[in-house]
Amino acid sequence: MSTDFPAPRAATPHCVAFAASTLLLACAPAHASDPQTTPEQLDAVTVLGTRPIRTVDDLSNARRKANERTGATAVVDGESYRDRRAGTLVDALGFAPGVFVQPRFGADEARISIRGSGLQRTFHGRGLVVLQDGTPINLADGAFDMQAIEPLAARYITVYRGANALEYGAATLGGAIDFVSPTGYDAPSFTGRAEAGAFDFRRAQIAVADAGGRGDGYATVTGTSQDGYRDHAVQETYRFFGNAGFRFDEALDGRVYFTKVDTRSQLPGNLTFAEYERDPTLAAPGNVTGDQRRDFVLERLAGRLAWAPNANDQVALSLSVADKRLHHPIFQVLEQASRDVGVDLRWRHASEWNGHAATLIAGLRTTNGSIDDDRFVNVGGESGAPTNAFDQHARDSVAYVEQQLALDARWTLAVGAQGLHAVRRSADRLVTGGRDESFEKTYSGISPKLGVRVAVGEGAQVFANVSRSLEPPTFGELTGGPGVTQVDMQEGTTLEIGTRVQRADGWIDAAFYHARIDGELLALNDADGNPLGTTNADRTVHQGVELGASRDWSPRWRTSLQYLFNDFRFDGDAVFGDNDLAGVPRQQVRAELRWSPVARLHVVPGVEWNDKTWIDHANTLRARGATVWNLRVGGEVGARWTWFADLRNVFDKHWIASTNVVANAGGVDGRHLMPGDGRGVYAGFELRL
């Protein structure tokens with residue numbers, strides 16, 4: 001029986017009965033022949049145990065695997081952010097070491113980056129592999145939408161930064177983030193949750209779970225709506241996530257997943273400095289007249305078979321099919337229908353080499369996708385005359401392998417590599433002006449990795465690694481502007497050193513990284529925030545410090561901290577010299593102090609501080625930093641009810657959550673700023689049965 005895995009509430013047990021005679025042999029005294037000491041005849045004893053779920057790791061196993069990596073990782077318990085408003089990814093990932101995340105308009109659509117990945121993408125992200133239950137939700141071209149994720153539907157979230165995500169077949173600069181769903185074994189039978197607050201914010205969740213015999217199931221529905229802090233910022237999103245598992249026999253498990261997301265979001269756009277100072281709740285005039293918005297419906301079906309023929313091997317086969325329909329009026333109207341099919345085969349093998357423990361991870365993954373991309377003149381948010389039409393096809397295929405070897409009780413060596421082959425093909429179905437914008441591009445390469453990890457004390461490790469990263473462009477880079485952009489693949493070499501300490505009363509996770517990048521993909525915008533296309537920089541450097549920590553000073557007091565130092569710059573560029581790259585603050589701090597005198601009450605003051613942010617690569621225009629204070633209270637009512645009240649931006653600070661990115665603003669005011677939310681009070685409760 002493995003204590004690392006959850007025991008089902010009503011699963012069929014595997015029983016072992018011990019005969020009374022066996023117990024007598026174990027328990028009888030030396031002189032059993034003495035009539036005074038003859039043992040009594042006892043009833044048989046039955047020991048109940050349950051083998052682990054093979055299709056998904058429980059939280060303890062996920063943490064163990066993350067700690068075995070020779071580099072920076074993090075595991076976020078899904079329970080850790082249920083005591084607050086859970087309206088954006090900042091609420092879920094704000095304290096994950098190394099993750100820079102900010103909502104664009106106080107919305108689900110978050111700007112997310114690790115180590116400067118997709119730095120200039122303020123929407124429709126790239127540079128990360130985002131997974132749901134171990135299967136990528138990225139489109140075949142590598143792009144992703146964070147609105148497809150529901151933090152309340154995650155049992156835990158794993159963050160594997162940089163090349164440490166090789167286990168997921170990822171070799172991007174940023175790495176991988178996996179949102180792992182609850183199952184019928186580890187979720188309450190019923191969960192009901194409601195939240196409400198400022199700017200007409202409403203959010204609710206209903207979830208059910210059950211396990212019995214060989215099967216289990218989990219399903220959740222969430223609904224969110226808000227008018228938003230700014231004008232023209234109404235949002236409404238509904239999400240369904242469900243999974244069902246079955247144990248075919250002692251070695252084989254299966255699980256199927258179904259997702260449906262229906263999201264509608266008005267886009268308030270960027271403000272000028274003058275508009276921001278006058279009234280940060282304004283919307284950009286062009287966004288209102290063009291009724292700019294981002295609406296899509298996503299349906300996704302995935303399945304996994306996990307086979308463990310013995311104690312040392314596990315093979316997992318995953319299949320996924322996704323269909324997305326996008327309606328996106330911006331400076332033009334985009335009508336897109338995408339279909340993606342993915343297959344992933346992964347093998348994990350534990351062995352010994354001359355008495356030294358070893359773990360081999362190997363896999364193959366391929367994703368094929370097609371997009372019908374139709375573009376029209378924006379007439380008040382409706383489609384006017386057609387401007388472009390493309391049939392787009394993408395394929396990403398990767399093969400990966402990593403061997404970890406324990407050199408002794410303290411030292412572990414890891415050697416691995418990923419091979420990549422990617423295809424981007426676009427057929428122009430509406431040739432205008434005699435200009436055919438069809439193209440086909442192929443990208444391929446190998447990303448090796450070498451890492452080492454050493455145990456330096458109880459619960460303490462030091463690690464170091466060096467790796468290559470390869471990132472082919474998405475269609476957002478190739479066709480994300482007025483015309484087709486011919487850009488090359490982004491390549492980089494990253495050196496990382498760090499440490500993690502995990503004790504009963506807290507943890508520390510710290511890493512320093514230095515990445516030298518050739519051909520960094522820089523997505524630029526005009527002064528109104530409209531995309532101009534993408535270019536390859538010559539050479540850039542990304543380096544910084546990632547720090548996360550939490551400490552329980554006593555049963556009543558806890559502190560939590562996340563700190564990022566971002567030093568991203570050009571390296572001898574012909575135009576920008578050694579200027580800083582625009583789009584991210586140089587430093588960011590999030591901190592909380594939690595006081596919980598009794599289970600019925602906790603009080604948590606918190607602060608977020610963002611440094612100044614360059615808006616243009618020429619470093620002529622910069623958004624000021626800000627300090628935002630928050631306060632929440634909450635607690636338990638009996639064994640089943642919890643409640644919270646959450647005051648955001650206590651002092652109603654005007655602050656800039658994110659900015660546009662341009663090449664050279666010339667120091668002139670433009671439409672570059674995305675204000676953060678003003679003061680707002682939110683409250684909620686949760687019932688579990």
# chains A, B, ... in the order shown; residues from 1 in each chain; ligands from 1
$ residues_around --residues "A:Pro448" --least-positions-apart "2" --cutoff "10 Å" --atoms "only C-alpha atoms" --output "number ranges by chain"
A: 163, 166, 171, 400-402, 415-419, 445-446, 450, 466-469, 493
$ residues_around --residues "A:Gln404" --least-positions-apart "2" --cutoff "6 Å" --atoms "only C-alpha atoms" --output "MDAnalysis selection string"
chainID A and resid 358:359 413:414
$ closest_residue --among "A:Gln588, A:Val681, A:Pro182, A:Ala385" --to "A:Ala196" --atoms "only C-alpha atoms"
A:Val681
$ select_by_dssp --residues "stretch 277-356 of chain A" --states "helix (DSSP H, G or I)" --output "list of chain:residue names"
A:Glu277, A:Arg278, A:Pro285, A:Gly286, A:Asn287, A:Val288, A:Thr289
$ write_last_selection --atoms "N, CA and C atoms" --output "PDB file, in the first residue's frame"
ATOM      1  N   GLU A 277      -4.276  59.457 -16.523  1.00  0.00           N
ATOM      2  CA  GLU A 277      -4.239  60.393 -15.401  1.00  0.00           C
ATOM      3  C   GLU A 277      -5.617  61.004 -15.160  1.00  0.00           C
ATOM      4  N   ARG A 278      -6.382  61.226 -16.224  1.00  0.00           N
ATOM      5  CA  ARG A 278      -7.700  61.833 -16.080  1.00  0.00           C
ATOM      6  C   ARG A 278      -8.713  60.844 -15.522  1.00  0.00           C
ATOM      7  N   PRO A 285     -11.242  54.878 -27.362  1.00  0.00           N
ATOM      8  CA  PRO A 285     -12.392  55.178 -28.243  1.00  0.00           C
ATOM      9  C   PRO A 285     -12.544  54.194 -29.393  1.00  0.00           C
ATOM     10  N   GLY A 286     -11.441  53.812 -30.028  1.00  0.00           N
ATOM     11  CA  GLY A 286     -11.518  52.881 -31.145  1.00  0.00           C
ATOM     12  C   GLY A 286     -12.037  51.512 -30.746  1.00  0.00           C
ATOM     13  N   ASN A 287     -11.753  51.098 -29.514  1.00  0.00           N
ATOM     14  CA  ASN A 287     -12.258  49.810 -29.043  1.00  0.00           C
ATOM     15  C   ASN A 287     -13.768  49.827 -28.863  1.00  0.00           C
ATOM     16  N   VAL A 288     -14.303  51.002 -28.501  1.00  0.00           N
ATOM     17  CA  VAL A 288     -15.746  51.121 -28.321  1.00  0.00           C
ATOM     18  C   VAL A 288     -16.453  51.185 -29.671  1.00  0.00           C
ATOM     19  N   THR A 289     -15.981  52.049 -30.570  1.00  0.00           N
ATOM     20  CA  THR A 289     -16.645  52.187 -31.872  1.00  0.00           C
ATOM     21  C   THR A 289     -16.535  50.906 -32.693  1.00  0.00           C
TER      22      THR A 289
END
$ residues_around --residues "A:Ser181" --least-positions-apart "3" --cutoff "7 Å" --atoms "only C-alpha atoms" --output "VMD selection string"
chain A and resid 133 153 to 155
$ write_last_selection --atoms "N, CA and C atoms" --output "PDB file, in the first residue's frame"
ATOM      1  N   ASP A 133      -3.961  18.218 -17.401  1.00  0.00           N
ATOM      2  CA  ASP A 133      -3.832  16.800 -17.057  1.00  0.00           C
ATOM      3  C   ASP A 133      -2.786  16.109 -17.926  1.00  0.00           C
ATOM      4  N   ALA A 153     -10.865  24.324 -11.096  1.00  0.00           N
ATOM      5  CA  ALA A 153     -10.975  22.925 -11.514  1.00  0.00           C
ATOM      6  C   ALA A 153      -9.633  22.213 -11.450  1.00  0.00           C
ATOM      7  N   ALA A 154      -8.659  22.771 -10.742  1.00  0.00           N
ATOM      8  CA  ALA A 154      -7.338  22.154 -10.623  1.00  0.00           C
ATOM      9  C   ALA A 154      -7.129  21.634  -9.202  1.00  0.00           C
ATOM     10  N   ARG A 155      -6.740  20.358  -9.090  1.00  0.00           N
ATOM     11  CA  ARG A 155      -6.329  19.838  -7.773  1.00  0.00           C
ATOM     12  C   ARG A 155      -4.974  20.394  -7.404  1.00  0.00           C
TER      13      ARG A 155
END
$ closest_residue --among "A:Gly197, A:Pro531, A:Asp509, A:Gly217" --to "A:Ile330" --atoms "only C-alpha atoms"
A:Pro531
$ residues_around --residues "A:Leu131" --least-positions-apart "2" --cutoff "10 Å" --atoms "only C-alpha atoms" --output "list in words"
Leu128, Val129, Asp133, Gly134, Thr135, Pro136, Ile137, Asn138, Phe144, Ile149, Ile157, Thr158, Tyr168, Ala176, Ile177, Asp178, Phe179 and Val180 of chain A
$ closest_residue --among "A:Ala523, A:Ile53, A:Ala618, A:Ala72" --to "A:Ala464" --atoms "only C-alpha atoms"
A:Ala72
